[in-house]
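Printed here is run_3.cif (mmCIF, C-alpha atoms; chains and numbers go by the auth columns):
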```
data_structure
loop_
_atom_site.group_PDB
_atom_site.id
_atom_site.type_symbol
_atom_site.label_atom_id
_atom_site.label_comp_id
_atom_site.label_asym_id
_atom_site.label_seq_id
_atom_site.Cartn_x
_atom_site.Cartn_y
_atom_site.Cartn_z
_atom_site.B_iso_or_equiv
_atom_site.auth_seq_id
_atom_site.auth_asym_id
ATOM 1 C CA PHE A 1 0.000 0.000 0.000 0.00 17 A
ATOM 2 C CA LEU A 2 2.814 2.423 0.861 0.00 18 A
ATOM 3 C CA GLN A 3 4.227 1.981 -2.640 0.00 19 A
ATOM 4 C CA VAL A 4 1.394 4.206 -3.878 0.00 20 A
ATOM 5 C CA PHE A 5 3.163 7.163 -2.233 0.00 21 A
ATOM 6 C CA ALA A 6 6.032 6.815 -4.695 0.00 22 A
ATOM 7 C CA CYS A 7 3.628 8.011 -7.397 0.00 23 A
ATOM 8 C CA ARG A 8 4.171 11.557 -8.654 0.00 24 A
ATOM 9 C CA SER A 9 0.511 12.255 -9.389 0.00 25 A
ATOM 10 C CA ALA A 10 -0.978 14.767 -6.952 0.00 26 A
ATOM 11 C CA THR A 11 -4.459 13.292 -7.491 0.00 27 A
ATOM 12 C CA VAL A 12 -3.257 9.783 -6.651 0.00 28 A
ATOM 13 C CA LEU A 13 -1.438 11.051 -3.556 0.00 29 A
ATOM 14 C CA GLU A 14 -4.534 12.905 -2.357 0.00 30 A
ATOM 15 C CA GLU A 15 -6.660 9.778 -2.769 0.00 31 A
ATOM 16 C CA ALA A 16 -4.021 7.680 -0.999 0.00 32 A
ATOM 17 C CA LEU A 17 -3.947 10.105 1.929 0.00 33 A
ATOM 18 C CA LEU A 18 -7.737 10.048 2.164 0.00 34 A
ATOM 19 C CA ALA A 19 -7.555 6.251 2.291 0.00 35 A
ATOM 20 C CA VAL A 20 -4.910 6.386 5.020 0.00 36 A
ATOM 21 C CA GLY A 21 -7.065 8.784 7.013 0.00 37 A
ATOM 22 C CA ALA A 22 -9.980 6.339 6.818 0.00 38 A
ATOM 23 C CA LEU A 23 -7.676 3.478 7.801 0.00 39 A
ATOM 24 C CA VAL A 24 -6.328 5.405 10.782 0.00 40 A
ATOM 25 C CA ASN A 25 -9.851 6.215 11.959 0.00 41 A
ATOM 26 C CA ALA A 26 -10.830 2.546 11.638 0.00 42 A
ATOM 27 C CA MET A 27 -7.737 1.110 13.338 0.00 43 A
ATOM 28 C CA GLY A 28 -7.304 3.676 16.087 0.00 44 A
ATOM 29 C CA ALA A 29 -4.245 3.103 18.263 0.00 45 A
ATOM 30 C CA ASP A 30 -3.457 -0.123 16.387 0.00 46 A
ATOM 31 C CA PHE A 31 -2.104 2.031 13.542 0.00 47 A
ATOM 32 C CA LEU A 32 0.911 2.765 15.733 0.00 48 A
ATOM 33 C CA LYS A 33 2.701 -0.338 14.460 0.00 49 A
ATOM 34 C CA TYR A 34 2.759 1.187 10.954 0.00 50 A
ATOM 35 C CA MET A 35 3.905 4.666 11.975 0.00 51 A
ATOM 36 C CA ASP A 36 7.647 4.214 11.503 0.00 52 A
ATOM 37 C CA ALA A 37 7.082 2.984 7.952 0.00 53 A
ATOM 38 C CA PHE A 38 4.469 5.639 7.153 0.00 54 A
ATOM 39 C CA PHE A 39 6.016 8.688 8.803 0.00 55 A
ATOM 40 C CA PRO A 40 8.508 9.513 5.986 0.00 56 A
ATOM 41 C CA TYR A 41 5.504 10.114 3.714 0.00 57 A
ATOM 42 C CA ILE A 42 4.058 12.510 6.292 0.00 58 A
ATOM 43 C CA GLU A 43 7.347 14.420 6.239 0.00 59 A
ATOM 44 C CA THR A 44 7.328 14.551 2.434 0.00 60 A
ATOM 45 C CA GLY A 45 3.695 15.645 2.271 0.00 61 A
ATOM 46 C CA LEU A 46 4.185 18.466 4.756 0.00 62 A
ATOM 47 C CA GLN A 47 6.974 19.824 2.559 0.00 63 A
ATOM 48 C CA ASN A 48 5.039 19.574 -0.708 0.00 64 A
ATOM 49 C CA PHE A 49 4.463 23.260 -1.416 0.00 65 A
ATOM 50 C CA THR A 50 3.992 22.801 -5.161 0.00 66 A
ATOM 51 C CA GLU A 51 1.019 20.430 -4.865 0.00 67 A
ATOM 52 C CA TYR A 52 -0.575 22.247 -1.982 0.00 68 A
ATOM 53 C CA GLN A 53 -3.665 20.014 -1.957 0.00 69 A
ATOM 54 C CA VAL A 54 -1.356 17.149 -0.992 0.00 70 A
ATOM 55 C CA CYS A 55 0.070 19.268 1.811 0.00 71 A
ATOM 56 C CA THR A 56 -3.444 20.072 3.042 0.00 72 A
ATOM 57 C CA GLU A 57 -4.458 16.415 3.006 0.00 73 A
ATOM 58 C CA THR A 58 -1.264 15.480 4.864 0.00 74 A
ATOM 59 C CA VAL A 59 -2.124 17.988 7.591 0.00 75 A
ATOM 60 C CA GLU A 60 -5.586 16.410 7.829 0.00 76 A
ATOM 61 C CA VAL A 61 -3.998 12.967 8.238 0.00 77 A
ATOM 62 C CA VAL A 62 -1.809 14.329 11.052 0.00 78 A
ATOM 63 C CA GLY A 63 -5.036 15.377 12.790 0.00 79 A
ATOM 64 C CA ASP A 64 -6.469 11.880 12.263 0.00 80 A
ATOM 65 C CA LEU A 65 -3.296 10.366 13.720 0.00 81 A
ATOM 66 C CA CYS A 66 -3.502 12.626 16.767 0.00 82 A
ATOM 67 C CA ARG A 67 -7.066 11.549 17.474 0.00 83 A
ATOM 68 C CA ALA A 68 -6.249 7.866 16.903 0.00 84 A
ATOM 69 C CA LEU A 69 -2.894 7.574 18.671 0.00 85 A
ATOM 70 C CA GLY A 70 -3.323 10.096 21.469 0.00 86 A
ATOM 71 C CA PRO A 71 -0.127 10.426 23.538 0.00 87 A
ATOM 72 C CA TYR A 72 1.664 7.872 21.339 0.00 88 A
ATOM 73 C CA ILE A 73 2.013 10.533 18.628 0.00 89 A
ATOM 74 C CA ALA A 74 4.394 12.469 20.910 0.00 90 A
ATOM 75 C CA LYS A 75 7.588 10.802 19.623 0.00 91 A
ATOM 76 C CA TYR A 76 6.877 12.205 16.154 0.00 92 A
ATOM 77 C CA CYS A 77 5.805 15.683 17.243 0.00 93 A
ATOM 78 C CA ASP A 78 9.202 17.407 17.179 0.00 94 A
ATOM 79 C CA LYS A 79 9.407 16.839 13.440 0.00 95 A
ATOM 80 C CA ILE A 80 5.712 17.458 12.828 0.00 96 A
ATOM 81 C CA MET A 81 5.793 20.791 14.644 0.00 97 A
ATOM 82 C CA PHE A 82 8.989 21.796 12.850 0.00 98 A
ATOM 83 C CA PHE A 83 7.338 21.257 9.468 0.00 99 A
ATOM 84 C CA LEU A 84 4.055 22.905 10.469 0.00 100 A
ATOM 85 C CA LEU A 85 5.790 26.009 11.815 0.00 101 A
ATOM 86 C CA ASN A 86 7.962 26.160 8.702 0.00 102 A
ATOM 87 C CA ASP A 87 4.883 25.829 6.474 0.00 103 A
ATOM 88 C CA LEU A 88 3.159 28.740 8.195 0.00 104 A
ATOM 89 C CA GLN A 89 6.141 30.977 7.504 0.00 105 A
ATOM 90 C CA ALA A 90 6.623 29.847 3.901 0.00 106 A
ATOM 91 C CA GLN A 91 5.745 32.571 1.396 0.00 107 A
ATOM 92 C CA ASN A 92 5.412 30.044 -1.439 0.00 108 A
ATOM 93 C CA LEU A 93 2.816 27.816 0.236 0.00 109 A
ATOM 94 C CA HIS A 94 -0.776 28.407 -0.873 0.00 110 A
ATOM 95 C CA ARG A 95 -2.673 30.308 1.788 0.00 111 A
ATOM 96 C CA SER A 96 -5.525 27.774 1.824 0.00 112 A
ATOM 97 C CA VAL A 97 -3.300 25.265 3.659 0.00 113 A
ATOM 98 C CA LYS A 98 -2.600 27.503 6.630 0.00 114 A
ATOM 99 C CA PRO A 99 -5.977 27.390 8.452 0.00 115 A
ATOM 100 C CA SER A 100 -5.692 23.583 8.575 0.00 116 A
ATOM 101 C CA ILE A 101 -2.194 23.878 10.024 0.00 117 A
ATOM 102 C CA LEU A 102 -3.383 26.186 12.794 0.00 118 A
ATOM 103 C CA SER A 103 -6.226 23.810 13.649 0.00 119 A
ATOM 104 C CA CYS A 104 -3.716 20.960 13.743 0.00 120 A
ATOM 105 C CA PHE A 105 -1.945 22.657 16.680 0.00 121 A
ATOM 106 C CA GLY A 106 -5.121 22.027 18.657 0.00 122 A
ATOM 107 C CA ASP A 107 -5.244 18.373 17.559 0.00 123 A
ATOM 108 C CA ILE A 108 -1.666 17.843 18.712 0.00 124 A
ATOM 109 C CA ALA A 109 -2.230 19.581 22.052 0.00 125 A
ATOM 110 C CA LEU A 110 -5.324 17.469 22.721 0.00 126 A
ATOM 111 C CA ALA A 111 -3.359 14.315 21.951 0.00 127 A
ATOM 112 C CA ILE A 112 -0.196 14.941 23.973 0.00 128 A
ATOM 113 C CA GLU A 113 -1.572 17.382 26.575 0.00 129 A
ATOM 114 C CA GLY A 114 1.193 18.757 28.839 0.00 130 A
ATOM 115 C CA GLN A 115 3.924 17.501 26.532 0.00 131 A
ATOM 116 C CA PHE A 116 2.905 20.288 24.153 0.00 132 A
ATOM 117 C CA GLU A 117 4.385 22.834 26.564 0.00 133 A
ATOM 118 C CA LYS A 118 7.705 23.080 24.700 0.00 134 A
ATOM 119 C CA TYR A 119 5.857 24.040 21.516 0.00 135 A
ATOM 120 C CA LEU A 120 3.435 26.453 23.185 0.00 136 A
ATOM 121 C CA PRO A 121 5.404 29.712 22.770 0.00 137 A
ATOM 122 C CA TYR A 122 5.859 29.073 19.045 0.00 138 A
ATOM 123 C CA ALA A 123 2.218 28.098 18.546 0.00 139 A
ATOM 124 C CA LEU A 124 0.953 31.164 20.404 0.00 140 A
ATOM 125 C CA THR A 125 3.197 33.461 18.359 0.00 141 A
ATOM 126 C CA MET A 126 1.790 31.999 15.139 0.00 142 A
ATOM 127 C CA LEU A 127 -1.785 32.262 16.413 0.00 143 A
ATOM 128 C CA GLU A 128 -1.310 35.910 17.359 0.00 144 A
ATOM 129 C CA SER A 129 0.097 36.666 13.902 0.00 145 A
ATOM 130 C CA ALA A 130 -2.789 34.843 12.246 0.00 146 A
ATOM 131 C CA SER A 131 -5.306 36.714 14.430 0.00 147 A
ATOM 132 C CA ALA A 132 -3.771 40.043 13.420 0.00 148 A
ATOM 133 C CA LEU A 133 -3.946 39.002 9.760 0.00 149 A
ATOM 134 C CA SER A 134 -7.599 38.047 10.179 0.00 150 A
ATOM 135 C CA ILE A 135 -8.463 41.417 11.713 0.00 151 A
ATOM 136 C CA GLN A 136 -6.644 43.204 8.882 0.00 152 A
ATOM 137 C CA THR A 137 -8.449 41.087 6.288 0.00 153 A
ATOM 138 C CA GLN A 138 -11.794 41.878 7.915 0.00 154 A
ATOM 139 C CA GLN A 139 -11.071 45.594 7.543 0.00 155 A
ATOM 140 C CA VAL A 140 -10.321 45.415 3.816 0.00 156 A
ATOM 141 C CA ALA A 141 -12.505 42.502 2.642 0.00 157 A
ATOM 142 C CA GLY A 142 -15.554 44.619 1.790 0.00 158 A
ATOM 143 C CA ASP A 143 -17.829 42.548 -0.456 0.00 159 A
ATOM 144 C CA ASP A 144 -15.036 40.321 -1.765 0.00 160 A
ATOM 145 C CA ASP A 145 -16.491 36.823 -1.282 0.00 161 A
ATOM 146 C CA ASP A 146 -13.131 35.086 -1.681 0.00 162 A
ATOM 147 C CA MET A 147 -11.544 37.190 1.060 0.00 163 A
ATOM 148 C CA ILE A 148 -14.565 36.719 3.326 0.00 164 A
ATOM 149 C CA ASP A 149 -14.512 32.934 2.850 0.00 165 A
ATOM 150 C CA TYR A 150 -10.769 32.743 3.435 0.00 166 A
ATOM 151 C CA ASN A 151 -11.019 34.883 6.545 0.00 167 A
ATOM 152 C CA ASN A 152 -13.726 32.634 7.960 0.00 168 A
ATOM 153 C CA ALA A 153 -11.548 29.589 7.259 0.00 169 A
ATOM 154 C CA LEU A 154 -8.614 31.325 8.953 0.00 170 A
ATOM 155 C CA ARG A 155 -10.734 32.204 11.979 0.00 171 A
ATOM 156 C CA ASN A 156 -11.941 28.624 12.302 0.00 172 A
ATOM 157 C CA GLY A 157 -8.358 27.381 12.220 0.00 173 A
ATOM 158 C CA ILE A 158 -7.334 29.870 14.919 0.00 174 A
ATOM 159 C CA LEU A 159 -10.328 29.154 17.147 0.00 175 A
ATOM 160 C CA GLU A 160 -10.012 25.375 16.804 0.00 176 A
ATOM 161 C CA ALA A 161 -6.351 25.690 17.762 0.00 177 A
ATOM 162 C CA TYR A 162 -7.138 27.746 20.860 0.00 178 A
ATOM 163 C CA SER A 163 -9.902 25.366 21.916 0.00 179 A
ATOM 164 C CA GLY A 164 -7.594 22.362 21.524 0.00 180 A
ATOM 165 C CA LEU A 165 -4.857 24.096 23.493 0.00 181 A
ATOM 166 C CA PHE A 166 -7.195 25.014 26.339 0.00 182 A
ATOM 167 C CA GLN A 167 -8.615 21.512 26.555 0.00 183 A
ATOM 168 C CA GLY A 168 -5.224 19.865 26.167 0.00 184 A
ATOM 169 C CA PHE A 169 -3.785 21.820 29.088 0.00 185 A
ATOM 170 C CA LYS A 170 -6.888 21.714 31.282 0.00 186 A
ATOM 171 C CA ASN A 171 -5.295 19.168 33.630 0.00 187 A
ATOM 172 C CA ASN A 172 -1.912 20.943 33.585 0.00 188 A
ATOM 173 C CA LYS A 173 -2.880 24.461 34.613 0.00 189 A
ATOM 174 C CA GLN A 174 0.571 25.271 35.995 0.00 190 A
ATOM 175 C CA GLN A 175 1.873 25.067 32.449 0.00 191 A
ATOM 176 C CA LEU A 176 -0.666 27.650 31.291 0.00 192 A
ATOM 177 C CA ARG A 177 0.924 30.685 32.918 0.00 193 A
ATOM 178 C CA SER A 178 2.302 31.874 29.584 0.00 194 A
ATOM 179 C CA PHE A 179 -1.165 31.406 28.079 0.00 195 A
ATOM 180 C CA HIS A 180 -2.660 33.822 30.622 0.00 196 A
ATOM 181 C CA ASP A 181 -0.714 36.698 29.072 0.00 197 A
ATOM 182 C CA HIS A 182 -2.467 36.049 25.761 0.00 198 A
ATOM 183 C CA ALA A 183 -6.022 35.977 27.136 0.00 199 A
ATOM 184 C CA ARG A 184 -6.583 39.686 26.516 0.00 200 A
ATOM 185 C CA GLU A 185 -5.556 39.319 22.849 0.00 201 A
ATOM 186 C CA ILE A 186 -7.792 36.282 22.412 0.00 202 A
ATOM 187 C CA LEU A 187 -10.803 38.222 23.706 0.00 203 A
ATOM 188 C CA ALA A 188 -9.972 41.159 21.427 0.00 204 A
ATOM 189 C CA PHE A 189 -9.857 38.743 18.480 0.00 205 A
ATOM 190 C CA ILE A 190 -13.252 37.266 19.367 0.00 206 A
ATOM 191 C CA GLU A 191 -14.667 40.779 19.783 0.00 207 A
ATOM 192 C CA SER A 192 -13.573 41.578 16.224 0.00 208 A
ATOM 193 C CA ILE A 193 -15.385 38.429 15.062 0.00 209 A
ATOM 194 C CA TYR A 194 -18.536 39.447 16.942 0.00 210 A
ATOM 195 C CA MET A 195 -18.519 42.826 15.178 0.00 211 A
ATOM 196 C CA ASP A 196 -18.284 41.275 11.709 0.00 212 A
ATOM 197 C CA PRO A 197 -21.629 40.504 10.025 0.00 213 A
ATOM 198 C CA ASN A 198 -19.770 38.282 7.538 0.00 214 A
ATOM 199 C CA ARG A 199 -18.787 35.659 10.106 0.00 215 A
ATOM 200 C CA ASP A 200 -20.254 32.250 9.281 0.00 216 A
ATOM 201 C CA LYS A 201 -22.053 29.830 11.595 0.00 217 A
ATOM 202 C CA SER A 202 -19.020 27.653 12.281 0.00 218 A
ATOM 203 C CA VAL A 203 -16.963 30.707 13.288 0.00 219 A
ATOM 204 C CA THR A 204 -19.724 31.802 15.663 0.00 220 A
ATOM 205 C CA LYS A 205 -19.906 28.327 17.202 0.00 221 A
ATOM 206 C CA ASN A 206 -16.128 28.058 17.632 0.00 222 A
ATOM 207 C CA ALA A 207 -15.956 31.555 19.139 0.00 223 A
ATOM 208 C CA VAL A 208 -18.517 30.574 21.782 0.00 224 A
ATOM 209 C CA TRP A 209 -16.537 27.441 22.601 0.00 225 A
ATOM 210 C CA VAL A 210 -13.309 29.392 23.014 0.00 226 A
ATOM 211 C CA LEU A 211 -14.963 31.930 25.318 0.00 227 A
ATOM 212 C CA GLY A 212 -16.141 29.072 27.499 0.00 228 A
ATOM 213 C CA ASP A 213 -12.847 27.180 27.314 0.00 229 A
ATOM 214 C CA LEU A 214 -10.874 30.289 28.230 0.00 230 A
ATOM 215 C CA ALA A 215 -13.027 30.938 31.300 0.00 231 A
ATOM 216 C CA ASP A 216 -13.091 27.251 32.218 0.00 232 A
ATOM 217 C CA THR A 217 -9.326 26.752 31.983 0.00 233 A
ATOM 218 C CA LEU A 218 -7.547 29.962 32.999 0.00 234 A
ATOM 219 C CA ASP A 219 -7.537 31.512 36.454 0.00 235 A
ATOM 220 C CA ASN A 220 -7.942 35.203 37.273 0.00 236 A
ATOM 221 C CA VAL A 221 -9.419 36.238 33.922 0.00 237 A
ATOM 222 C CA GLY A 222 -12.397 38.112 35.396 0.00 238 A
ATOM 223 C CA PRO A 223 -10.811 41.554 34.783 0.00 239 A
ATOM 224 C CA PHE A 224 -10.309 40.694 31.104 0.00 240 A
ATOM 225 C CA PHE A 225 -14.024 40.000 30.671 0.00 241 A
ATOM 226 C CA VAL A 226 -14.868 43.220 32.519 0.00 242 A
ATOM 227 C CA GLU A 227 -12.713 45.062 29.956 0.00 243 A
ATOM 228 C CA LYS A 228 -14.509 43.305 27.084 0.00 244 A
ATOM 229 C CA PRO A 229 -18.244 43.290 27.933 0.00 245 A
ATOM 230 C CA PHE A 230 -19.185 42.448 24.331 0.00 246 A
ATOM 231 C CA TYR A 231 -19.387 38.786 25.409 0.00 247 A
ATOM 232 C CA GLN A 232 -22.685 39.470 27.198 0.00 248 A
ATOM 233 C CA LYS A 233 -24.573 40.543 24.092 0.00 249 A
ATOM 234 C CA PHE A 234 -22.784 37.974 21.922 0.00 250 A
ATOM 235 C CA LEU A 235 -23.695 35.037 24.161 0.00 251 A
ATOM 236 C CA MET A 236 -27.230 36.302 24.692 0.00 252 A
ATOM 237 C CA GLU A 237 -27.702 36.355 20.919 0.00 253 A
ATOM 238 C CA CYS A 238 -26.218 32.869 20.618 0.00 254 A
ATOM 239 C CA LYS A 239 -28.537 31.540 23.327 0.00 255 A
ATOM 240 C CA GLN A 240 -31.431 32.296 20.950 0.00 256 A
ATOM 241 C CA ILE A 241 -29.944 29.927 18.339 0.00 257 A
ATOM 242 C CA THR A 242 -31.220 26.385 18.913 0.00 258 A
ATOM 243 C CA SER A 243 -27.958 24.669 17.971 0.00 259 A
ATOM 244 C CA LEU A 244 -25.869 27.018 20.150 0.00 260 A
ATOM 245 C CA GLY A 245 -28.126 27.706 23.125 0.00 261 A
ATOM 246 C CA ASP A 246 -26.686 25.128 25.526 0.00 262 A
ATOM 247 C CA THR A 247 -23.087 25.954 24.633 0.00 263 A
ATOM 248 C CA ALA A 248 -23.679 29.700 25.055 0.00 264 A
ATOM 249 C CA GLN A 249 -25.335 29.082 28.427 0.00 265 A
ATOM 250 C CA TRP A 250 -22.363 26.956 29.535 0.00 266 A
ATOM 251 C CA ALA A 251 -19.887 29.643 28.403 0.00 267 A
ATOM 252 C CA MET A 252 -21.806 32.342 30.259 0.00 268 A
ATOM 253 C CA GLU A 253 -21.825 30.245 33.434 0.00 269 A
ATOM 254 C CA ARG A 254 -18.080 29.659 33.233 0.00 270 A
ATOM 255 C CA ILE A 255 -17.435 33.388 32.771 0.00 271 A
ATOM 256 C CA CYS A 256 -19.743 34.314 35.660 0.00 272 A
ATOM 257 C CA VAL A 257 -17.642 32.171 38.014 0.00 273 A
ATOM 258 C CA HIS A 258 -14.826 34.705 37.550 0.00 274 A
ATOM 259 C CA LEU A 259 -17.120 37.685 38.112 0.00 275 A
ATOM 260 C CA SER A 260 -18.841 36.557 41.293 0.00 276 A
#
```

Once you've parsed the file, please lay out its structure as structure tokens.
Amino acid sequence: FLQVFACRSATVLEEALLAVGALVNAMGADFLKYMDAFFPYIETGLQNFTEYQVCTETVEVVGDLCRALGPYIAKYCDKIMFFLLNDLQAQNLHRSVKPSILSCFGDIALAIEGQFEKYLPYALTMLESASALSIQTQQVAGDDDDMIDYNNALRNGILEAYSGLFQGFKNNKQQLRSFHDHAREILAFIESIYMDPNRDKSVTKNAVWVLGDLADTLDNVGPFFVEKPFYQKFLMECKQITSLGDTAQWAMERICVHLS
């Protein structure tokens, strides 16, 4: 099966990666016995800037591996994180890959939990840069549908990363001290999302989750929410949406714990 990855056709490689993703999901942790043989193809895929769809699909497979292998993915994470961070900084990689890479940070953090600590400063720096880019894009997008769609994809990648980081470190709160310094910026980013009528439903949902995760995970964030009261109106609006009502109520309750 691995011989397929020697093919030079991007279409064949994409299909092969989709098949691997399905196999990983079916086998779960049992896929670990194939990782040493398969990992070189992950490395190659993450460096394939020319056929960016292959790079995107490789990032998706990394997410599948994180969910399937859990902490057993840790031995491969130094190389994975090196390639992901390099991809984010690469000027010649198609921008459509980058939201998936950001989201993958969350997948890795959920899988290896406290072991992600050594990567945390680099991940947070990239997330702050991506958040700033998103806010800039929001200001200039106007009625450009392509820019609006890309910005929503970027936001989802950022928010999914933050949510994964919060949940991954929930049982290792001592390691989250550096995260506390970023809470104010995260709230400012979500406020910018709230103010944008072009946000899509998935962005709204992920923003609510991150508000709740932030309040649920970090200590002493009450003053940050006092500074950013937008969350009250945002969550009240979301409580009126059937699919979001329970999540918005949970987020509000978690925030109120810090304000009481």

| query | Looking at A:Met163, A:Ile151, A:Trp266, A:Ile271, which one is nearest to Asp212 (chain A), with distances taken over all atoms listed in the file? | reply |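 The shortest atom-to-atom distance to Asp212 (chain A) comes from A:Ile151.
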
Just so the selection is clear, what residues does the PyMOL selection byres ((chain A and resi 214) around 9) cover here, as number ranges by chain? A: 154, 164-165, 168, 209, 211-213, 215-216

Nearby residues (all atoms listed in the file) at most 10 Å from Ser218 (chain A), same-chain spacing under 4 positions excluded, as a count of residues only: 7

| task | Name every residue that the PyMOL selection byres ((chain A and resi 144) around 12) selects in this structure, writing the answer as a count of residues only with chains first and numbers rising. | result | 30

> Closest to Asp103 (chain A) among A:Gly130, A:Gly122, A:Pro239, A:Pro115, using only C-alpha atoms?
Replying inline: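 Nearest candidate to Asp103 (chain A) out of A:Gly130, A:Gly122, A:Pro239, A:Pro115: A:Pro115.
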
TODO: Considering all atoms listed in the file, return as an MDAnalysis selection string whatever protein or nucleic-acid residues lie within 12 Å of Gly79 (chain A), sequence-local ones (same chain, fewer than 5 positions apart) excluded.
DONE: chainID A and resid 36:38 40:41 58 72:74 84:86 89 93 96 116:127 176:177 180

Let me make sure I understand: among A:Lys134, A:Lys221, A:Lys249, A:Lys244, which one has the smallest atom-to-atom distance to Leu192 (chain A) if we use only C-alpha atoms?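 For Leu192 (chain A), the nearest of the candidates is A:Lys134.
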
Take CA of Leu181 (chain A) and CA of Leu136 (chain A) and report the distance between them in Å, one decimal.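 Result for CA of Leu181 (chain A) versus CA of Leu136 (chain A): 8.6 Å, one decimal.
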
Applied to the shown file, which residues does the PyMOL selection byres ((chain A and resi 270) around 10) return, written as an MDAnalysis selection string? chainID A and resid 227:233 264:269 271:275

Write to file, as a tab-separated table (two decimals), in the coordinates of the input, the residues of the selection just made, with C-alpha atoms.
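Dumped everything to selection_13.tsv:
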```
chain	number	residue	atom	x	y	z
A	227	LEU	CA	-14.96	31.93	25.32
A	228	GLY	CA	-16.14	29.07	27.50
A	229	ASP	CA	-12.85	27.18	27.31
A	230	LEU	CA	-10.87	30.29	28.23
A	231	ALA	CA	-13.03	30.94	31.30
A	232	ASP	CA	-13.09	27.25	32.22
A	233	THR	CA	-9.33	26.75	31.98
A	264	ALA	CA	-23.68	29.70	25.06
A	265	GLN	CA	-25.34	29.08	28.43
A	266	TRP	CA	-22.36	26.96	29.54
A	267	ALA	CA	-19.89	29.64	28.40
A	268	MET	CA	-21.81	32.34	30.26
A	269	GLU	CA	-21.82	30.24	33.43
A	271	ILE	CA	-17.43	33.39	32.77
A	272	CYS	CA	-19.74	34.31	35.66
A	273	VAL	CA	-17.64	32.17	38.01
A	274	HIS	CA	-14.83	34.70	37.55
A	275	LEU	CA	-17.12	37.68	38.11
```

What gap, in Å, lies between CA of Val219 (chain A) and CA of Leu170 (chain A)?
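Spanning CA of Val219 (chain A) to CA of Leu170 (chain A) is a straight-line distance of 9.4 Å.
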
Restricting to only C-alpha atoms, whichever of A:Tyr57, A:Gln63, A:Asp80, A:Tyr247 is closest to Asn108 (chain A) is A:Gln63
